[in-house]
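Data block for target39.csv (CSV, C-alpha atoms and all ligand atoms):
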chain,number,residue,atom,x,y,z
A,8,MET,CA,-9.9,-8.6,-64.8
A,9,PRO,CA,-11.1,-8.4,-61.1
A,10,ASP,CA,-13.0,-5.4,-59.8
A,11,ILE,CA,-10.8,-2.4,-59.4
A,12,ILE,CA,-10.0,-1.4,-55.8
A,13,PRO,CA,-9.6,2.4,-55.9
A,14,ILE,CA,-6.8,4.3,-54.1
A,15,ALA,CA,-9.3,6.5,-52.1
A,16,LYS,CA,-13.0,7.4,-51.8
A,17,PRO,CA,-14.5,10.3,-50.0
A,18,TYR,CA,-17.0,9.3,-47.3
A,19,LEU,CA,-20.1,11.3,-48.3
A,20,THR,CA,-23.7,10.3,-47.5
A,21,GLU,CA,-27.3,11.4,-47.8
A,22,GLU,CA,-26.7,13.5,-44.8
A,23,GLU,CA,-24.1,15.7,-46.6
A,24,ALA,CA,-26.4,15.9,-49.6
A,25,LEU,CA,-29.3,17.1,-47.5
A,26,ALA,CA,-27.2,19.6,-45.7
A,27,ALA,CA,-26.1,21.1,-49.0
A,28,GLN,CA,-29.7,21.1,-50.2
A,29,LYS,CA,-30.8,22.9,-47.1
A,30,ALA,CA,-28.1,25.5,-47.6
A,31,ILE,CA,-29.1,26.0,-51.2
A,32,LEU,CA,-32.8,26.4,-50.4
A,33,SER,CA,-32.1,28.8,-47.5
A,34,GLY,CA,-31.3,31.5,-50.0
A,35,TRP,CA,-27.8,32.2,-48.5
A,36,VAL,CA,-25.2,30.4,-50.5
A,37,THR,CA,-22.0,32.3,-50.1
A,38,GLN,CA,-20.0,32.8,-46.9
A,39,GLY,CA,-22.6,33.2,-44.2
A,40,PRO,CA,-24.1,31.6,-41.1
A,41,ARG,CA,-23.0,28.0,-42.0
A,42,VAL,CA,-19.4,29.1,-42.6
A,43,GLU,CA,-19.5,30.7,-39.1
A,44,GLU,CA,-20.9,27.5,-37.6
A,45,PHE,CA,-18.4,25.3,-39.3
A,46,GLU,CA,-15.6,27.6,-38.0
A,47,ASN,CA,-16.8,27.4,-34.5
A,48,ASP,CA,-17.2,23.6,-34.7
A,49,PHE,CA,-13.7,23.3,-36.1
A,50,ALA,CA,-12.1,25.5,-33.5
A,51,ASN,CA,-13.8,23.6,-30.8
A,52,TYR,CA,-12.8,20.3,-32.3
A,53,THR,CA,-9.1,21.1,-32.6
A,54,GLY,CA,-8.9,23.2,-29.4
A,55,ALA,CA,-7.8,26.3,-31.1
A,56,THR,CA,-9.4,29.6,-30.1
A,57,TYR,CA,-10.4,30.6,-33.7
A,58,ALA,CA,-10.8,29.0,-37.1
A,59,VAL,CA,-11.1,30.8,-40.4
A,60,ALA,CA,-12.7,29.0,-43.4
A,61,VAL,CA,-11.2,29.6,-46.9
A,62,SER,CA,-11.6,28.2,-50.4
A,63,SER,CA,-8.6,25.7,-50.2
A,64,CYS,CA,-5.6,24.8,-48.1
A,65,THR,CA,-3.5,26.5,-50.8
A,66,ALA,CA,-5.3,29.8,-50.0
A,67,ALA,CA,-5.0,29.1,-46.3
A,68,LEU,CA,-1.2,28.7,-46.6
A,69,HIS,CA,-0.9,31.9,-48.7
A,70,LEU,CA,-2.8,33.9,-46.1
A,71,ALA,CA,-0.9,32.3,-43.2
A,72,LEU,CA,2.4,33.4,-44.7
A,73,LEU,CA,1.0,36.9,-45.4
A,74,VAL,CA,-0.1,37.6,-41.9
A,75,ASN,CA,3.5,36.7,-40.8
A,76,GLY,CA,4.7,39.5,-43.1
A,77,VAL,CA,6.4,37.1,-45.6
A,78,GLY,CA,7.0,38.9,-48.9
A,79,PRO,CA,9.4,39.5,-51.7
A,80,GLY,CA,13.1,38.9,-50.8
A,81,ASP,CA,12.2,36.5,-48.0
A,82,GLU,CA,13.0,32.8,-47.7
A,83,VAL,CA,10.8,30.2,-46.2
A,84,ILE,CA,12.1,26.7,-45.4
A,85,CYS,CA,9.9,23.8,-46.4
A,86,PRO,CA,10.1,20.2,-47.5
A,87,SER,CA,10.3,19.4,-51.2
A,88,LEU,CA,8.6,16.1,-50.5
A,89,SER,CA,5.1,17.5,-50.6
A,90,PHE,CA,2.3,18.3,-52.9
A,91,ILE,CA,3.4,21.3,-55.0
A,92,ALA,CA,0.9,23.7,-53.3
A,93,THR,CA,3.2,23.9,-50.3
A,94,ALA,CA,6.0,25.5,-52.4
A,95,ASN,CA,3.5,27.5,-54.6
A,96,ALA,CA,1.9,29.2,-51.6
A,97,ILE,CA,5.4,30.6,-50.6
A,98,GLY,CA,5.9,31.7,-54.2
A,99,TYR,CA,2.6,33.7,-54.2
A,100,THR,CA,3.9,36.0,-51.5
A,101,GLY,CA,7.0,36.8,-53.6
A,102,ALA,CA,9.2,34.8,-51.2
A,103,LYS,CA,11.4,31.8,-52.2
A,104,PRO,CA,10.9,28.3,-51.0
A,105,ILE,CA,14.1,26.8,-49.6
A,106,PHE,CA,13.8,23.0,-49.8
A,107,ALA,CA,15.1,21.1,-46.8
A,108,GLU,CA,15.6,17.4,-46.3
A,109,ILE,CA,13.2,14.9,-44.7
A,110,ASP,CA,13.5,12.2,-42.1
A,111,THR,CA,12.4,8.9,-43.6
A,112,ASN,CA,10.7,7.8,-40.4
A,113,THR,CA,8.3,10.8,-40.2
A,114,LEU,CA,8.4,11.7,-44.0
A,115,ASN,CA,8.6,15.2,-42.7
A,116,LEU,CA,11.2,17.9,-42.2
A,117,ASN,CA,14.3,16.6,-40.5
A,118,PRO,CA,14.9,19.1,-37.7
A,119,SER,CA,18.6,18.4,-37.8
A,120,GLN,CA,18.7,19.6,-41.5
A,121,ILE,CA,17.1,23.0,-40.9
A,122,GLU,CA,19.6,25.2,-39.4
A,123,LYS,CA,22.1,25.0,-42.3
A,124,HIS,CA,19.5,26.7,-44.5
A,125,ILE,CA,18.8,29.6,-42.2
A,126,THR,CA,20.1,32.9,-43.6
A,127,ILE,CA,19.5,36.6,-42.9
A,128,ARG,CA,16.5,36.4,-45.3
A,129,THR,CA,14.8,33.4,-43.7
A,130,ARG,CA,11.4,34.5,-42.3
A,131,ALA,CA,9.5,31.3,-41.6
A,132,ILE,CA,9.4,27.5,-41.6
A,133,LEU,CA,6.5,25.9,-43.4
A,134,VAL,CA,6.3,22.4,-41.8
A,135,VAL,CA,4.1,19.7,-43.5
A,136,HIS,CA,2.4,16.8,-41.7
A,137,GLN,CA,2.7,14.6,-44.7
A,138,ILE,CA,0.0,12.0,-45.4
A,139,GLY,CA,-1.3,12.7,-41.9
A,140,LEU,CA,1.9,11.8,-40.1
A,141,PRO,CA,2.7,14.5,-37.6
A,142,ALA,CA,6.0,16.3,-37.9
A,143,GLU,CA,8.3,17.1,-34.9
A,144,ILE,CA,6.4,20.3,-34.2
A,145,GLU,CA,8.0,20.8,-30.7
A,146,VAL,CA,11.6,20.6,-32.0
A,147,LEU,CA,10.8,22.8,-35.0
A,148,SER,CA,9.0,25.4,-33.0
A,149,ASN,CA,12.1,25.6,-30.7
A,150,ILE,CA,14.3,26.2,-33.8
A,151,CYS,CA,11.8,29.0,-34.8
A,152,ARG,CA,11.9,30.6,-31.4
A,153,LYS,CA,15.7,30.5,-31.3
A,154,HIS,CA,16.1,32.2,-34.7
A,155,ASN,CA,13.0,34.4,-34.4
A,156,LEU,CA,11.2,32.7,-37.3
A,157,ALA,CA,7.5,32.2,-37.9
A,158,LEU,CA,6.1,28.7,-37.9
A,159,VAL,CA,3.3,27.8,-40.3
A,160,GLU,CA,1.8,24.2,-40.4
A,161,ASP,CA,0.7,22.7,-43.6
A,162,ALA,CA,-1.8,20.3,-42.1
A,163,ALA,CA,-3.7,19.7,-45.4
A,164,CYS,CA,-3.7,16.0,-44.8
A,165,ALA,CA,-3.7,16.0,-41.0
A,166,ALA,CA,-7.2,16.8,-39.7
A,167,GLY,CA,-7.7,14.4,-36.7
A,168,SER,CA,-4.0,13.5,-36.3
A,169,LYS,CA,-2.4,14.0,-32.9
A,170,TYR,CA,1.0,15.1,-31.7
A,171,ASN,CA,1.9,14.8,-28.1
A,172,GLY,CA,-1.6,13.9,-27.2
A,173,LYS,CA,-3.1,17.0,-28.7
A,174,LEU,CA,-4.9,17.4,-32.1
A,175,ILE,CA,-3.1,19.0,-34.9
A,176,GLY,CA,-4.4,22.6,-35.0
A,177,SER,CA,-3.9,23.3,-31.3
A,178,HIS,CA,-0.1,23.5,-31.2
A,179,SER,CA,0.8,26.7,-33.0
A,180,ASP,CA,-0.7,29.9,-34.3
A,181,LEU,CA,-1.2,29.2,-38.0
A,182,VAL,CA,-2.3,25.7,-39.0
A,183,CYS,CA,-3.8,25.1,-42.4
A,184,PHE,CA,-6.1,22.3,-43.4
A,185,SER,CA,-7.6,21.0,-46.6
A,186,PHE,CA,-11.0,19.6,-47.4
A,187,HIS,CA,-10.2,18.4,-50.9
A,188,PRO,CA,-11.8,15.0,-51.6
A,189,ARG,CA,-8.5,13.2,-51.3
A,190,LYS,CA,-8.2,14.2,-47.6
A,191,VAL,CA,-10.0,12.5,-44.7
A,192,ILE,CA,-13.0,14.9,-44.6
A,193,THR,CA,-14.1,17.0,-47.6
A,194,THR,CA,-16.3,19.9,-48.6
A,195,GLY,CA,-15.6,19.4,-52.4
A,196,ASP,CA,-12.8,21.9,-52.1
A,197,GLY,CA,-12.1,24.0,-49.1
A,198,GLY,CA,-9.7,24.9,-46.4
A,199,MET,CA,-9.4,26.1,-42.8
A,200,ILE,CA,-6.8,28.0,-40.7
A,201,THR,CA,-6.8,27.6,-36.9
A,202,THR,CA,-5.2,30.2,-34.7
A,203,SER,CA,-5.3,31.4,-31.1
A,204,ASN,CA,-4.0,34.8,-32.0
A,205,PRO,CA,-6.8,37.5,-32.2
A,206,ASP,CA,-4.7,39.8,-34.5
A,207,TYR,CA,-4.1,37.0,-37.0
A,208,TYR,CA,-7.8,36.1,-36.7
A,209,THR,CA,-9.0,39.6,-37.6
A,210,ARG,CA,-6.5,39.9,-40.5
A,211,LEU,CA,-7.2,36.5,-41.9
A,212,LYS,CA,-10.9,37.2,-42.1
A,213,ARG,CA,-10.2,40.5,-43.8
A,214,LEU,CA,-7.7,39.1,-46.3
A,215,ARG,CA,-10.0,36.3,-47.4
A,216,GLN,CA,-12.7,38.8,-48.3
A,217,HIS,CA,-11.1,41.5,-50.5
A,218,GLY,CA,-9.6,43.3,-47.5
A,219,MET,CA,-13.1,44.5,-46.6
A,220,SER,CA,-13.7,46.1,-43.1
A,221,ILE,CA,-16.9,44.3,-42.4
A,222,ASP,CA,-18.4,41.0,-43.6
A,223,ASP,CA,-21.6,40.4,-45.6
A,224,ARG,CA,-23.5,39.0,-42.6
A,225,GLU,CA,-22.9,42.1,-40.5
A,226,ARG,CA,-24.1,44.3,-43.3
A,227,HIS,CA,-27.1,42.1,-44.0
A,228,GLY,CA,-28.2,42.0,-40.3
A,229,SER,CA,-27.8,45.8,-39.7
A,230,ASN,CA,-30.7,48.2,-39.6
A,231,LYS,CA,-28.4,51.1,-40.5
A,232,ILE,CA,-26.7,51.8,-43.8
A,233,ILE,CA,-23.2,50.5,-43.5
A,234,LYS,CA,-20.5,51.5,-45.9
A,235,GLU,CA,-17.6,49.2,-46.0
A,236,GLU,CA,-14.0,50.2,-46.4
A,237,TYR,CA,-11.1,48.3,-48.0
A,238,LEU,CA,-8.3,48.4,-45.6
A,239,GLU,CA,-5.7,46.6,-47.7
A,240,LYS,CA,-5.5,44.6,-50.9
A,241,GLY,CA,-7.2,41.3,-50.2
A,242,PHE,CA,-8.4,38.2,-52.0
A,243,ASN,CA,-11.6,36.3,-52.8
A,244,TYR,CA,-10.7,33.2,-50.8
A,245,ARG,CA,-14.1,32.6,-49.3
A,246,MET,CA,-15.7,29.2,-48.6
A,247,THR,CA,-19.4,29.0,-49.6
A,248,ASP,CA,-22.2,28.2,-47.2
A,249,ILE,CA,-23.0,25.1,-49.3
A,250,GLN,CA,-19.5,23.8,-48.7
A,251,ALA,CA,-19.7,24.7,-45.0
A,252,ALA,CA,-23.0,22.8,-44.6
A,253,VAL,CA,-21.2,19.7,-46.0
A,254,GLY,CA,-18.2,20.4,-43.7
A,255,ILE,CA,-20.4,20.6,-40.5
A,256,SER,CA,-21.7,17.1,-41.3
A,257,GLN,CA,-18.2,15.7,-42.2
A,258,LEU,CA,-16.6,17.1,-39.1
A,259,LYS,CA,-19.0,15.1,-36.9
A,260,LYS,CA,-17.6,11.9,-38.5
A,261,LEU,CA,-14.0,12.8,-38.3
A,262,ASP,CA,-13.1,10.9,-35.1
A,263,TRP,CA,-14.9,7.8,-36.4
A,264,LEU,CA,-13.3,8.1,-39.8
A,265,VAL,CA,-9.8,8.3,-38.2
A,266,ALA,CA,-10.5,5.3,-36.0
A,267,GLU,CA,-11.7,3.3,-39.0
A,268,ARG,CA,-8.7,4.3,-41.1
A,269,ARG,CA,-6.4,3.4,-38.2
A,270,LYS,CA,-8.0,-0.1,-38.0
A,271,ILE,CA,-7.2,-0.7,-41.7
A,272,ALA,CA,-3.7,0.6,-41.3
A,273,GLN,CA,-3.2,-1.7,-38.4
A,274,GLN,CA,-4.2,-4.7,-40.5
A,275,TYR,CA,-1.8,-3.6,-43.2
A,276,ARG,CA,1.0,-3.3,-40.6
A,277,GLU,CA,0.3,-6.7,-39.0
A,278,ALA,CA,0.2,-8.4,-42.4
A,279,LEU,CA,3.1,-6.6,-44.1
A,280,SER,CA,5.6,-5.8,-41.3
A,281,ASP,CA,7.7,-9.0,-41.8
A,282,ILE,CA,8.3,-8.5,-45.5
A,283,SER,CA,12.0,-7.7,-45.6
A,284,THR,CA,12.0,-5.8,-48.9
A,285,ILE,CA,9.7,-3.0,-47.8
A,286,LYS,CA,9.6,-0.3,-45.1
A,287,LEU,CA,6.3,0.8,-43.6
A,288,PRO,CA,5.4,4.3,-42.2
A,289,HIS,CA,6.8,4.9,-38.8
A,290,GLU,CA,4.5,5.8,-35.8
A,291,ASN,CA,5.4,6.3,-32.2
A,292,GLU,CA,3.3,7.3,-29.1
A,293,LYS,CA,4.0,11.0,-29.7
A,294,CYS,CA,2.7,10.9,-33.3
A,295,VAL,CA,-0.8,9.5,-34.0
A,296,SER,CA,-1.6,9.5,-37.7
A,297,ASN,CA,-5.0,9.8,-39.3
A,298,TYR,CA,-3.7,7.6,-42.1
A,299,GLN,CA,-4.8,10.0,-44.9
A,300,SER,CA,-2.6,7.7,-47.0
A,301,PHE,CA,-0.5,4.6,-46.4
A,302,SER,CA,2.9,4.7,-48.0
A,303,ILE,CA,5.2,1.8,-48.7
A,304,TYR,CA,8.9,2.2,-49.4
A,305,ILE,CA,10.7,-0.4,-51.5
A,306,LYS,CA,14.2,-1.2,-50.1
A,307,ASN,CA,17.3,-1.9,-52.2
A,308,ASN,CA,17.1,-5.6,-51.6
A,309,CYS,CA,13.8,-5.8,-53.6
A,310,PRO,CA,14.4,-7.4,-57.0
A,311,LEU,CA,11.5,-5.5,-58.5
A,312,THR,CA,11.3,-1.8,-59.2
A,313,ARG,CA,8.6,0.4,-57.7
A,314,ASP,CA,6.9,0.8,-61.1
A,315,GLU,CA,7.0,-3.0,-61.8
A,316,ILE,CA,5.3,-3.6,-58.5
A,317,MET,CA,2.6,-0.9,-59.2
A,318,GLN,CA,2.0,-2.4,-62.6
A,319,ARG,CA,1.5,-5.9,-61.2
A,320,LEU,CA,-0.8,-4.7,-58.5
A,321,LEU,CA,-2.9,-2.9,-61.1
A,322,SER,CA,-3.1,-6.1,-63.1
A,323,ASP,CA,-4.6,-7.6,-60.0
A,324,GLY,CA,-7.1,-4.7,-59.9
A,325,ILE,CA,-5.4,-2.9,-57.1
A,326,THR,CA,-4.9,0.8,-57.6
A,327,THR,CA,-1.8,2.5,-56.2
A,328,ARG,CA,-0.2,5.9,-56.7
A,329,PRO,CA,3.5,6.8,-56.9
A,330,GLY,CA,5.0,8.2,-53.7
A,331,ILE,CA,4.8,11.7,-52.6
A,332,MET,CA,6.2,14.1,-55.2
A,333,SER,CA,9.3,16.2,-54.8
A,334,ALA,CA,8.7,19.8,-55.8
A,335,HIS,CA,12.3,20.7,-56.5
A,336,ARG,CA,12.4,18.3,-59.5
A,337,GLU,CA,9.4,19.8,-61.2
A,338,ARG,CA,9.9,22.3,-64.0
A,339,ALA,CA,8.2,25.0,-61.9
A,340,TYR,CA,11.2,24.9,-59.5
A,341,ASN,CA,14.0,23.2,-61.3
A,342,THR,CA,15.1,26.3,-63.0
A,343,GLU,CA,18.5,26.8,-64.7
A,344,ASN,CA,20.3,28.3,-61.7
A,345,ALA,CA,18.7,26.0,-59.1
A,346,THR,CA,21.0,23.7,-57.2
A,347,TYR,CA,19.5,21.2,-54.9
A,348,SER,CA,20.9,18.4,-53.0
A,349,LEU,CA,18.1,16.3,-51.6
A,350,PRO,CA,19.1,12.7,-52.0
A,351,VAL,CA,16.8,11.4,-49.2
A,352,THR,CA,13.8,13.1,-50.6
A,353,GLU,CA,14.5,11.9,-54.1
A,354,ASP,CA,15.1,8.4,-53.0
A,355,TYR,CA,11.9,8.2,-50.9
A,356,SER,CA,9.8,9.8,-53.7
A,357,ASP,CA,11.2,7.4,-56.3
A,358,ARG,CA,11.0,4.2,-54.2
A,359,SER,CA,7.6,4.6,-52.5
A,360,PHE,CA,4.0,4.2,-53.5
A,361,LEU,CA,0.6,4.6,-51.8
A,362,ILE,CA,-1.9,1.7,-51.4
A,363,PRO,CA,-5.7,1.8,-51.2
A,364,LEU,CA,-7.2,3.1,-47.9
A,365,TYR,CA,-10.7,4.5,-47.6
A,366,VAL,CA,-13.9,4.1,-45.5
A,367,PRO,CA,-15.8,1.8,-45.7
A,368,MET,CA,-13.2,-0.7,-47.0
A,369,GLU,CA,-14.6,-4.2,-47.2
A,370,LYS,CA,-12.8,-7.0,-45.4
A,371,GLU,CA,-12.4,-8.7,-48.8
A,372,GLU,CA,-10.8,-5.6,-50.3
A,373,ILE,CA,-8.3,-5.2,-47.5
A,374,GLU,CA,-7.4,-8.9,-47.9
A,375,ARG,CA,-7.0,-8.6,-51.6
A,376,VAL,CA,-4.6,-5.7,-51.2
A,377,ILE,CA,-2.6,-7.6,-48.6
A,378,LEU,CA,-2.5,-10.8,-50.6
A,379,GLY,CA,-1.6,-8.9,-53.8
A,380,LEU,CA,1.4,-7.3,-52.0
A,381,LYS,CA,2.5,-10.5,-50.4
A,382,ASN,CA,2.4,-12.4,-53.6
A,383,ILE,CA,4.5,-9.9,-55.4
A,384,LEU,CA,6.9,-9.0,-52.6
A,385,SER,CA,7.7,-12.2,-50.8
B,1,LIG,C1,-3.7,18.6,-50.6
B,1,LIG,C2,-2.5,19.3,-50.1
B,1,LIG,C3,-2.4,20.7,-50.3
B,1,LIG,C4,-3.4,21.5,-51.1
B,1,LIG,O1,-4.7,21.5,-50.5
B,1,LIG,P1,-5.9,22.2,-51.4
B,1,LIG,O2,-7.0,22.3,-50.4
B,1,LIG,O3,-6.2,21.3,-52.5
B,1,LIG,O4,-5.4,23.6,-51.8
B,1,LIG,C5,-1.3,21.4,-49.7
B,1,LIG,N1,-0.4,20.7,-49.0
B,1,LIG,C6,-0.4,19.4,-48.9
B,1,LIG,C7,0.6,18.7,-48.1
B,1,LIG,C8,-1.5,18.6,-49.5
B,1,LIG,O5,-1.5,17.3,-49.4

Give the structure from the file, written as structure tokens.
Amino acid sequence: MPDIIPIAKPYLTEEEALAAQKAILSGWVTQGPRVEEFENDFANYTGATYAVAVSSCTAALHLALLVNGVGPGDEVICPSLSFIATANAIGYTGAKPIFAEIDTNTLNLNPSQIEKHITIRTRAILVVHQIGLPAEIEVLSNICRKHNLALVEDAACAAGSKYNGKLIGSHSDLVCFSFHPRKVITTGDGGMITTSNPDYYTRLKRLRQHGMSIDDRERHGSNKIIKEEYLEKGFNYRMTDIQAAVGISQLKKLDWLVAERRKIAQQYREALSDISTIKLPHENEKCVSNYQSFSIYIKNNCPLTRDEIMQRLLSDGITTRPGIMSAHRERAYNTENATYSLPVTEDYSDRSFLIPLYVPMEKEEIERVILGLKNILS
């Protein structure tokens, strides 16, 4: 059996380890000065006015919906073709996810399929930038404006991706990122919300910390006794200073990581684009992907099934993963009275798979993946 090529690897070095060590030895390990520094760096990077660090993107999505007033009885339109956390975050607020169809070019919400789902109960659209491919934010935000709906972006996979020449995080008022190790930069676990709305900023900071009127740093730095108040029911969604120390280091590498990932993706594209049995991810000038993942769709003319292809690749030592899941078919959402018609989503989910892409990826590894695919598919 040849060496196994993994599906993904986080890019973590001695630098991140030393940053974490410094944070630990500083005596301040929970949300503190390093979290604030990471937030400032992240806001500067994306071009948003503010950034609020939290414990995960799932927490970020939950808070972003809450500050929009989403609650019980409301409906939020989102794709089913996403990691289940997208739908779950809507559920946490008491609202109901309404699954809409995707466009197979962008793998994201198809703007032309949104309006049929809008009812009197619709409060927001939760758009996902799946595997780093930017969604049609402009078109979707026009729909939101027209129907007076909030727009929340699930940019879990999309740190460093661009839409219309601007980084994801700078287009709308609630953009949620993930730093899970499967994303392009990581803090172990962690999340961030970017916003340019000062009211959202204040409320997000309060909600992540038990609804408390002041934060620990203010109290710690004060020479007067400060008694905090609890202004509303909040959560413990804080990021630690240890995580933030790692994040500060990781963020400095983001542009380079995206450039490296795009080089690998380009090699895949050049080598695979003339195979007639598959369809590769779509990219145009408007949408620049960070290639958090590289997805391959198996067309109907392919004599092999997706699972057969994945099994053969694994025998060659090449790890793959089944395509992006579809939440509406999971037991958590596929309840007795649920009726969904999402044929495009189901087809894409069932006929696609992800191939290895990480930094650094050796030339020999890239070639093995390409050769493996070519041998099986041509
Ligand atoms: C990873 C992911 C999430 C969840 O992020 P966490 O930081 O693990 O909570 C949400 N949405 C999408 C699209 C994801 O890929």

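For the pair CA of Arg276 (chain A) and CA of Leu311 (chain A), the separation is 20.9 Å.
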
**Request:** Write out as a ChimeraX atom specification the residues lying within 8 Å of Ile109 (chain A), counting all atoms listed in the file and excluding same-chain residues fewer than 6 positions away.
**Result:** /A:86,88,115-117,120,351-352

Take the residues just selected and output them with C-alpha atoms as a short mmCIF file (atom, residue, chain, number, x, y, z; two decimals), in the coordinates of the input.
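Output contents, as saved in again_20.cif:
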data_model
loop_
_atom_site.label_atom_id
_atom_site.label_comp_id
_atom_site.auth_asym_id
_atom_site.auth_seq_id
_atom_site.Cartn_x
_atom_site.Cartn_y
_atom_site.Cartn_z
CA PRO A 86 10.10 20.20 -47.50
CA LEU A 88 8.60 16.10 -50.50
CA ASN A 115 8.60 15.20 -42.70
CA LEU A 116 11.20 17.90 -42.20
CA ASN A 117 14.30 16.60 -40.50
CA GLN A 120 18.70 19.60 -41.50
CA VAL A 351 16.80 11.40 -49.20
CA THR A 352 13.80 13.10 -50.60
#

For ligand LIG 1 (chain B), return the neighbouring residues as a short mmCIF file (atom, residue, chain, number, x, y, z; two decimals) with C-alpha atoms, in the frame of the given file (distance at most 8 Å; all atoms listed in the file).
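Heads up, here's the output in selection.cif:
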data_model
loop_
_atom_site.label_atom_id
_atom_site.label_comp_id
_atom_site.auth_asym_id
_atom_site.auth_seq_id
_atom_site.Cartn_x
_atom_site.Cartn_y
_atom_site.Cartn_z
CA SER A 62 -11.60 28.20 -50.40
CA SER A 63 -8.60 25.70 -50.20
CA CYS A 64 -5.60 24.80 -48.10
CA THR A 65 -3.50 26.50 -50.80
CA ALA A 66 -5.30 29.80 -50.00
CA ALA A 67 -5.00 29.10 -46.30
CA LEU A 68 -1.20 28.70 -46.60
CA SER A 89 5.10 17.50 -50.60
CA PHE A 90 2.30 18.30 -52.90
CA ILE A 91 3.40 21.30 -55.00
CA ALA A 92 0.90 23.70 -53.30
CA THR A 93 3.20 23.90 -50.30
CA VAL A 135 4.10 19.70 -43.50
CA HIS A 136 2.40 16.80 -41.70
CA GLN A 137 2.70 14.60 -44.70
CA ILE A 138 0.00 12.00 -45.40
CA ASP A 161 0.70 22.70 -43.60
CA ALA A 162 -1.80 20.30 -42.10
CA ALA A 163 -3.70 19.70 -45.40
CA CYS A 164 -3.70 16.00 -44.80
CA PHE A 184 -6.10 22.30 -43.40
CA SER A 185 -7.60 21.00 -46.60
CA PHE A 186 -11.00 19.60 -47.40
CA HIS A 187 -10.20 18.40 -50.90
CA ARG A 189 -8.50 13.20 -51.30
CA LYS A 190 -8.20 14.20 -47.60
CA ASP A 196 -12.80 21.90 -52.10
CA GLY A 197 -12.10 24.00 -49.10
CA GLY A 198 -9.70 24.90 -46.40
#

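Rounded to one decimal, CA of Thr193 (chain A) and CA of Phe45 (chain A) lie 12.5 Å from each other.
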
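Across the structure, CA of Gly80 (chain A) and CA of Ser356 (chain A) are spaced 29.4 Å apart.
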
**Who sits within 12 Å of Asn307 (chain A), all atoms listed in the file, same chain under 2 positions skipped, as number ranges by chain** = A: 283-286, 304-305, 309-313, 354-355, 357-359

**Asked** Between A:Glu236, A:Glu369, A:Glu145, A:Glu290, which one has atoms that come closest to Glu267 (chain A), using all atoms listed in the file?
**Response** A:Glu369

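Comparing the minimum interatomic distances between Leu72 (chain A) and each of A:Glu43, A:Glu337, A:Glu225, A:Glu160, counting all atoms listed in the file, we find that A:Glu160 sits nearest.
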
**Request:** Using all atoms listed in the file, determine which residues lie at most 8 Å from Leu158 (chain A), disregarding the query and same-chain residues fewer than 3 positions distant; provide the list as number ranges by chain.
**Result:** A: 131-134, 148, 151, 179-181

Selection export as a PDB file, in the frame of the given file, atoms kept: C-alpha atoms:
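Final output, saved to again.pdb:
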ATOM      1  CA  ALA A 131       9.500  31.300 -41.600  1.00  0.00           C
ATOM      2  CA  ILE A 132       9.400  27.500 -41.600  1.00  0.00           C
ATOM      3  CA  LEU A 133       6.500  25.900 -43.400  1.00  0.00           C
ATOM      4  CA  VAL A 134       6.300  22.400 -41.800  1.00  0.00           C
ATOM      5  CA  SER A 148       9.000  25.400 -33.000  1.00  0.00           C
ATOM      6  CA  CYS A 151      11.800  29.000 -34.800  1.00  0.00           C
ATOM      7  CA  SER A 179       0.800  26.700 -33.000  1.00  0.00           C
ATOM      8  CA  ASP A 180      -0.700  29.900 -34.300  1.00  0.00           C
ATOM      9  CA  LEU A 181      -1.200  29.200 -38.000  1.00  0.00           C
TER      10      LEU A 181
END

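The shortest atom-to-atom distance to Gly241 (chain A), with all atoms listed in the file taken into account, belongs to A:Ser220 out of A:Lys306, A:Leu156, A:Ser220, A:Met368.
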